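This is run34.pdb (PDB, C-alpha atoms, pLDDT in the B column).
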```pdb
ATOM      1  CA  MET A   1     -27.073 -17.124  32.419  1.00 84.00           C
ATOM      2  CA  THR A   2     -25.630 -16.607  35.891  1.00 89.00           C
ATOM      3  CA  VAL A   3     -22.240 -17.954  36.892  1.00 94.00           C
ATOM      4  CA  ALA A   4     -21.164 -18.124  40.532  1.00 96.00           C
ATOM      5  CA  LYS A   5     -17.835 -18.853  42.167  1.00 97.00           C
ATOM      6  CA  THR A   6     -17.158 -20.227  45.643  1.00 97.00           C
ATOM      7  CA  ILE A   7     -13.991 -19.487  47.604  1.00 97.00           C
ATOM      8  CA  GLU A   8     -12.797 -20.518  51.041  1.00 98.00           C
ATOM      9  CA  ILE A   9     -11.747 -17.961  53.630  1.00 97.00           C
ATOM     10  CA  THR A  10     -10.693 -18.169  57.270  1.00 98.00           C
ATOM     11  CA  ALA A  11     -11.682 -15.532  59.827  1.00 98.00           C
ATOM     12  CA  THR A  12     -10.748 -15.150  63.487  1.00 98.00           C
ATOM     13  CA  SER A  13     -12.239 -13.224  66.404  1.00 98.00           C
ATOM     14  CA  ALA A  14     -11.496 -12.920  70.085  1.00 97.00           C
ATOM     15  CA  LYS A  15     -15.235 -12.431  70.809  1.00 97.00           C
ATOM     16  CA  GLY A  16     -16.912 -15.517  69.357  1.00 98.00           C
ATOM     17  CA  PHE A  17     -17.912 -17.528  66.305  1.00 98.00           C
ATOM     18  CA  ASP A  18     -20.673 -15.097  65.253  1.00 98.00           C
ATOM     19  CA  ASP A  19     -18.222 -12.212  65.310  1.00 98.00           C
ATOM     20  CA  ALA A  20     -15.688 -14.204  63.274  1.00 98.00           C
ATOM     21  CA  ILE A  21     -18.353 -14.944  60.643  1.00 98.00           C
ATOM     22  CA  ARG A  22     -19.391 -11.302  60.444  1.00 98.00           C
ATOM     23  CA  ALA A  23     -15.771 -10.135  60.216  1.00 98.00           C
ATOM     24  CA  GLY A  24     -15.011 -12.642  57.464  1.00 98.00           C
ATOM     25  CA  ILE A  25     -17.989 -11.589  55.347  1.00 98.00           C
ATOM     26  CA  LYS A  26     -17.261  -7.910  55.909  1.00 97.00           C
ATOM     27  CA  GLN A  27     -13.630  -8.314  54.833  1.00 97.00           C
ATOM     28  CA  ALA A  28     -14.562 -10.456  51.821  1.00 97.00           C
ATOM     29  CA  GLY A  29     -17.039  -7.780  50.768  1.00 96.00           C
ATOM     30  CA  LYS A  30     -14.206  -5.281  50.447  1.00 97.00           C
ATOM     31  CA  SER A  31     -12.745  -7.142  47.474  1.00 95.00           C
ATOM     32  CA  LEU A  32     -15.674  -9.264  46.209  1.00 95.00           C
ATOM     33  CA  GLN A  33     -18.918  -8.024  44.725  1.00 93.00           C
ATOM     34  CA  ASN A  34     -22.265  -9.783  44.597  1.00 95.00           C
ATOM     35  CA  ILE A  35     -21.777 -12.125  47.581  1.00 97.00           C
ATOM     36  CA  THR A  36     -24.900 -14.265  47.781  1.00 97.00           C
ATOM     37  CA  SER A  37     -24.186 -16.755  50.563  1.00 97.00           C
ATOM     38  CA  ALA A  38     -21.684 -18.221  52.971  1.00 97.00           C
ATOM     39  CA  TRP A  39     -21.471 -21.676  54.472  1.00 98.00           C
ATOM     40  CA  VAL A  40     -19.632 -22.305  57.745  1.00 98.00           C
ATOM     41  CA  GLN A  41     -17.486 -25.275  56.822  1.00 97.00           C
ATOM     42  CA  ASP A  42     -15.588 -25.603  60.079  1.00 97.00           C
ATOM     43  CA  GLN A  43     -15.166 -23.996  63.502  1.00 98.00           C
ATOM     44  CA  GLU A  44     -12.344 -24.228  65.992  1.00 98.00           C
ATOM     45  CA  VAL A  45     -10.969 -22.441  69.009  1.00 98.00           C
ATOM     46  CA  VAL A  46      -7.405 -21.491  69.820  1.00 97.00           C
ATOM     47  CA  VAL A  47      -6.464 -22.442  73.381  1.00 97.00           C
ATOM     48  CA  LYS A  48      -3.505 -21.057  75.314  1.00 97.00           C
ATOM     49  CA  LYS A  49      -2.781 -22.005  78.921  1.00 97.00           C
ATOM     50  CA  GLY A  50      -6.183 -23.661  79.230  1.00 97.00           C
ATOM     51  CA  ALA A  51      -8.196 -20.641  78.064  1.00 97.00           C
ATOM     52  CA  ILE A  52      -9.843 -19.882  74.738  1.00 97.00           C
ATOM     53  CA  THR A  53      -7.999 -17.008  73.088  1.00 97.00           C
ATOM     54  CA  ALA A  54      -9.612 -16.974  69.637  1.00 98.00           C
ATOM     55  CA  TYR A  55     -12.555 -18.328  67.687  1.00 98.00           C
ATOM     56  CA  GLN A  56     -11.864 -19.320  64.097  1.00 98.00           C
ATOM     57  CA  VAL A  57     -14.223 -20.200  61.244  1.00 98.00           C
ATOM     58  CA  ARG A  58     -13.634 -21.475  57.734  1.00 98.00           C
ATOM     59  CA  LEU A  59     -16.249 -20.139  55.342  1.00 98.00           C
ATOM     60  CA  LYS A  60     -17.222 -21.068  51.810  1.00 98.00           C
ATOM     61  CA  VAL A  61     -18.288 -17.757  50.274  1.00 98.00           C
ATOM     62  CA  THR A  62     -20.309 -17.712  47.042  1.00 98.00           C
ATOM     63  CA  PHE A  63     -20.525 -14.701  44.758  1.00 97.00           C
ATOM     64  CA  ILE A  64     -21.919 -14.006  41.292  1.00 96.00           C
ATOM     65  CA  LEU A  65     -19.416 -13.309  38.507  1.00 94.00           C
ATOM     66  CA  LYS A  66     -20.103 -10.294  36.310  1.00 87.00           C
ATOM     67  CA  ASP A  67     -20.529 -10.640  32.564  1.00 72.00           C
TER
END
```

As C-alpha coordinates - that is how I would like this structure written.
Amino acid sequence: MTVAKTIEITATSAKGFDDAIRAGIKQAGKSLQNITSAWVQDQEVVVKKGAITAYQVRLKVTFILKD
(Lines of atoms letter the chains of each structure in order from A and count residues from 1; the text may use other names and numbers.)
(Lines give C-alpha, C1' and ligand atoms only; values in the text may rest on other atoms or scores of the structure.)
Protein backbone atom coordinates (compact mmCIF):
# COMPACT_ATOMS: atom_id res chain seq x y z
CA MET A 1 0.00 0.00 0.00
CA THR A 2 1.24 3.48 -0.88
CA VAL A 3 0.45 6.50 1.26
CA ALA A 4 1.00 10.04 -0.02
CA LYS A 5 0.92 13.40 1.69
CA THR A 6 0.22 16.81 0.18
CA ILE A 7 1.62 20.05 1.58
CA GLU A 8 1.30 23.67 0.51
CA ILE A 9 4.35 25.82 -0.14
CA THR A 10 4.86 29.35 -1.44
CA ALA A 11 7.76 30.27 -3.72
CA THR A 12 8.84 33.63 -5.12
CA SER A 13 11.05 34.69 -8.03
CA ALA A 14 12.04 37.97 -9.60
CA LYS A 15 12.23 36.28 -13.04
CA GLY A 16 8.78 34.77 -13.57
CA PHE A 17 6.20 32.18 -12.59
CA ASP A 18 8.11 29.26 -14.18
CA ASP A 19 11.21 30.16 -12.21
CA ALA A 20 9.20 30.41 -8.98
CA ILE A 21 7.75 26.93 -9.59
CA ARG A 22 11.17 25.46 -10.27
CA ALA A 23 12.67 27.14 -7.20
CA GLY A 24 9.84 25.90 -4.99
CA ILE A 25 10.20 22.30 -6.13
CA LYS A 26 13.98 22.44 -5.84
CA GLN A 27 13.80 23.77 -2.28
CA ALA A 28 11.10 21.27 -1.28
CA GLY A 29 13.28 18.48 -2.63
CA LYS A 30 15.99 19.37 -0.13
CA SER A 31 13.83 18.24 2.79
CA LEU A 32 11.22 15.96 1.15
CA GLN A 33 11.84 12.66 -0.59
CA ASN A 34 9.73 10.96 -3.23
CA ILE A 35 7.98 14.07 -4.62
CA THR A 36 5.58 12.84 -7.28
CA SER A 37 3.67 15.94 -8.37
CA ALA A 38 2.90 19.59 -7.78
CA TRP A 39 -0.21 21.58 -8.53
CA VAL A 40 -0.09 25.36 -8.98
CA GLN A 41 -2.92 26.46 -6.73
CA ASP A 42 -2.49 30.20 -7.12
CA GLN A 43 -0.31 32.83 -8.79
CA GLU A 44 0.18 36.48 -7.98
CA VAL A 45 2.58 39.31 -8.63
CA VAL A 46 4.04 41.83 -6.22
CA VAL A 47 3.80 45.38 -7.57
CA LYS A 48 5.80 48.35 -6.31
CA LYS A 49 5.54 51.81 -7.86
CA GLY A 50 3.60 50.40 -10.81
CA ALA A 51 6.15 47.72 -11.71
CA ILE A 52 6.16 43.99 -11.08
CA THR A 53 8.91 43.18 -8.58
CA ALA A 54 8.19 39.51 -7.85
CA TYR A 55 6.23 36.53 -9.09
CA GLN A 56 4.73 34.29 -6.42
CA VAL A 57 3.14 30.84 -6.66
CA ARG A 58 1.38 28.66 -4.12
CA LEU A 59 2.01 24.99 -4.81
CA LYS A 60 0.41 21.82 -3.52
CA VAL A 61 3.28 19.33 -3.44
CA THR A 62 2.57 15.60 -3.17
CA PHE A 63 5.13 13.07 -1.97
CA ILE A 64 5.08 9.39 -1.04
CA LEU A 65 5.58 8.50 2.63
CA LYS A 66 8.10 5.77 3.40
CA ASP A 67 7.09 2.63 5.26

Answer key for the PyMOL selection byres ((chain A and resi 21) around 12), residues as a short mmCIF file (atom, residue, chain, number, x, y, z; two decimals) with C-alpha atoms, keeping the file's coordinate frame:
```cif
data_model
loop_
_atom_site.label_atom_id
_atom_site.label_comp_id
_atom_site.auth_asym_id
_atom_site.auth_seq_id
_atom_site.Cartn_x
_atom_site.Cartn_y
_atom_site.Cartn_z
CA ILE A 9 -11.75 -17.96 53.63
CA THR A 10 -10.69 -18.17 57.27
CA ALA A 11 -11.68 -15.53 59.83
CA THR A 12 -10.75 -15.15 63.49
CA SER A 13 -12.24 -13.22 66.40
CA ALA A 14 -11.50 -12.92 70.08
CA LYS A 15 -15.24 -12.43 70.81
CA GLY A 16 -16.91 -15.52 69.36
CA PHE A 17 -17.91 -17.53 66.31
CA ASP A 18 -20.67 -15.10 65.25
CA ASP A 19 -18.22 -12.21 65.31
CA ALA A 20 -15.69 -14.20 63.27
CA ARG A 22 -19.39 -11.30 60.44
CA ALA A 23 -15.77 -10.14 60.22
CA GLY A 24 -15.01 -12.64 57.46
CA ILE A 25 -17.99 -11.59 55.35
CA LYS A 26 -17.26 -7.91 55.91
CA GLN A 27 -13.63 -8.31 54.83
CA ALA A 28 -14.56 -10.46 51.82
CA SER A 37 -24.19 -16.76 50.56
CA ALA A 38 -21.68 -18.22 52.97
CA TRP A 39 -21.47 -21.68 54.47
CA VAL A 40 -19.63 -22.30 57.74
CA GLN A 41 -17.49 -25.28 56.82
CA ASP A 42 -15.59 -25.60 60.08
CA GLN A 43 -15.17 -24.00 63.50
CA TYR A 55 -12.56 -18.33 67.69
CA GLN A 56 -11.86 -19.32 64.10
CA VAL A 57 -14.22 -20.20 61.24
CA ARG A 58 -13.63 -21.48 57.73
CA LEU A 59 -16.25 -20.14 55.34
CA LYS A 60 -17.22 -21.07 51.81
CA VAL A 61 -18.29 -17.76 50.27
#
```

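The coordinates place CA of Asp67 (chain A) at 18.6 Å from CA of Ile7 (chain A).
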
One decimal, in Å: what's the spacing between CA of Thr36 (chain A) and CA of Lys66 (chain A)?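 Straight-line distance from CA of Thr36 (chain A) to CA of Lys66 (chain A) works out to 13.1 Å.
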
Do a neighbour search on Leu65 (chain A) at 12 Å with all atoms listed in the file, toss out local chain neighbours closer than 5 positions, and write the hits as a list in words. Met1, Thr2, Val3, Ala4, Lys5, Thr6, Leu32, Gln33, Asn34, Ile35 and Thr36 of chain A
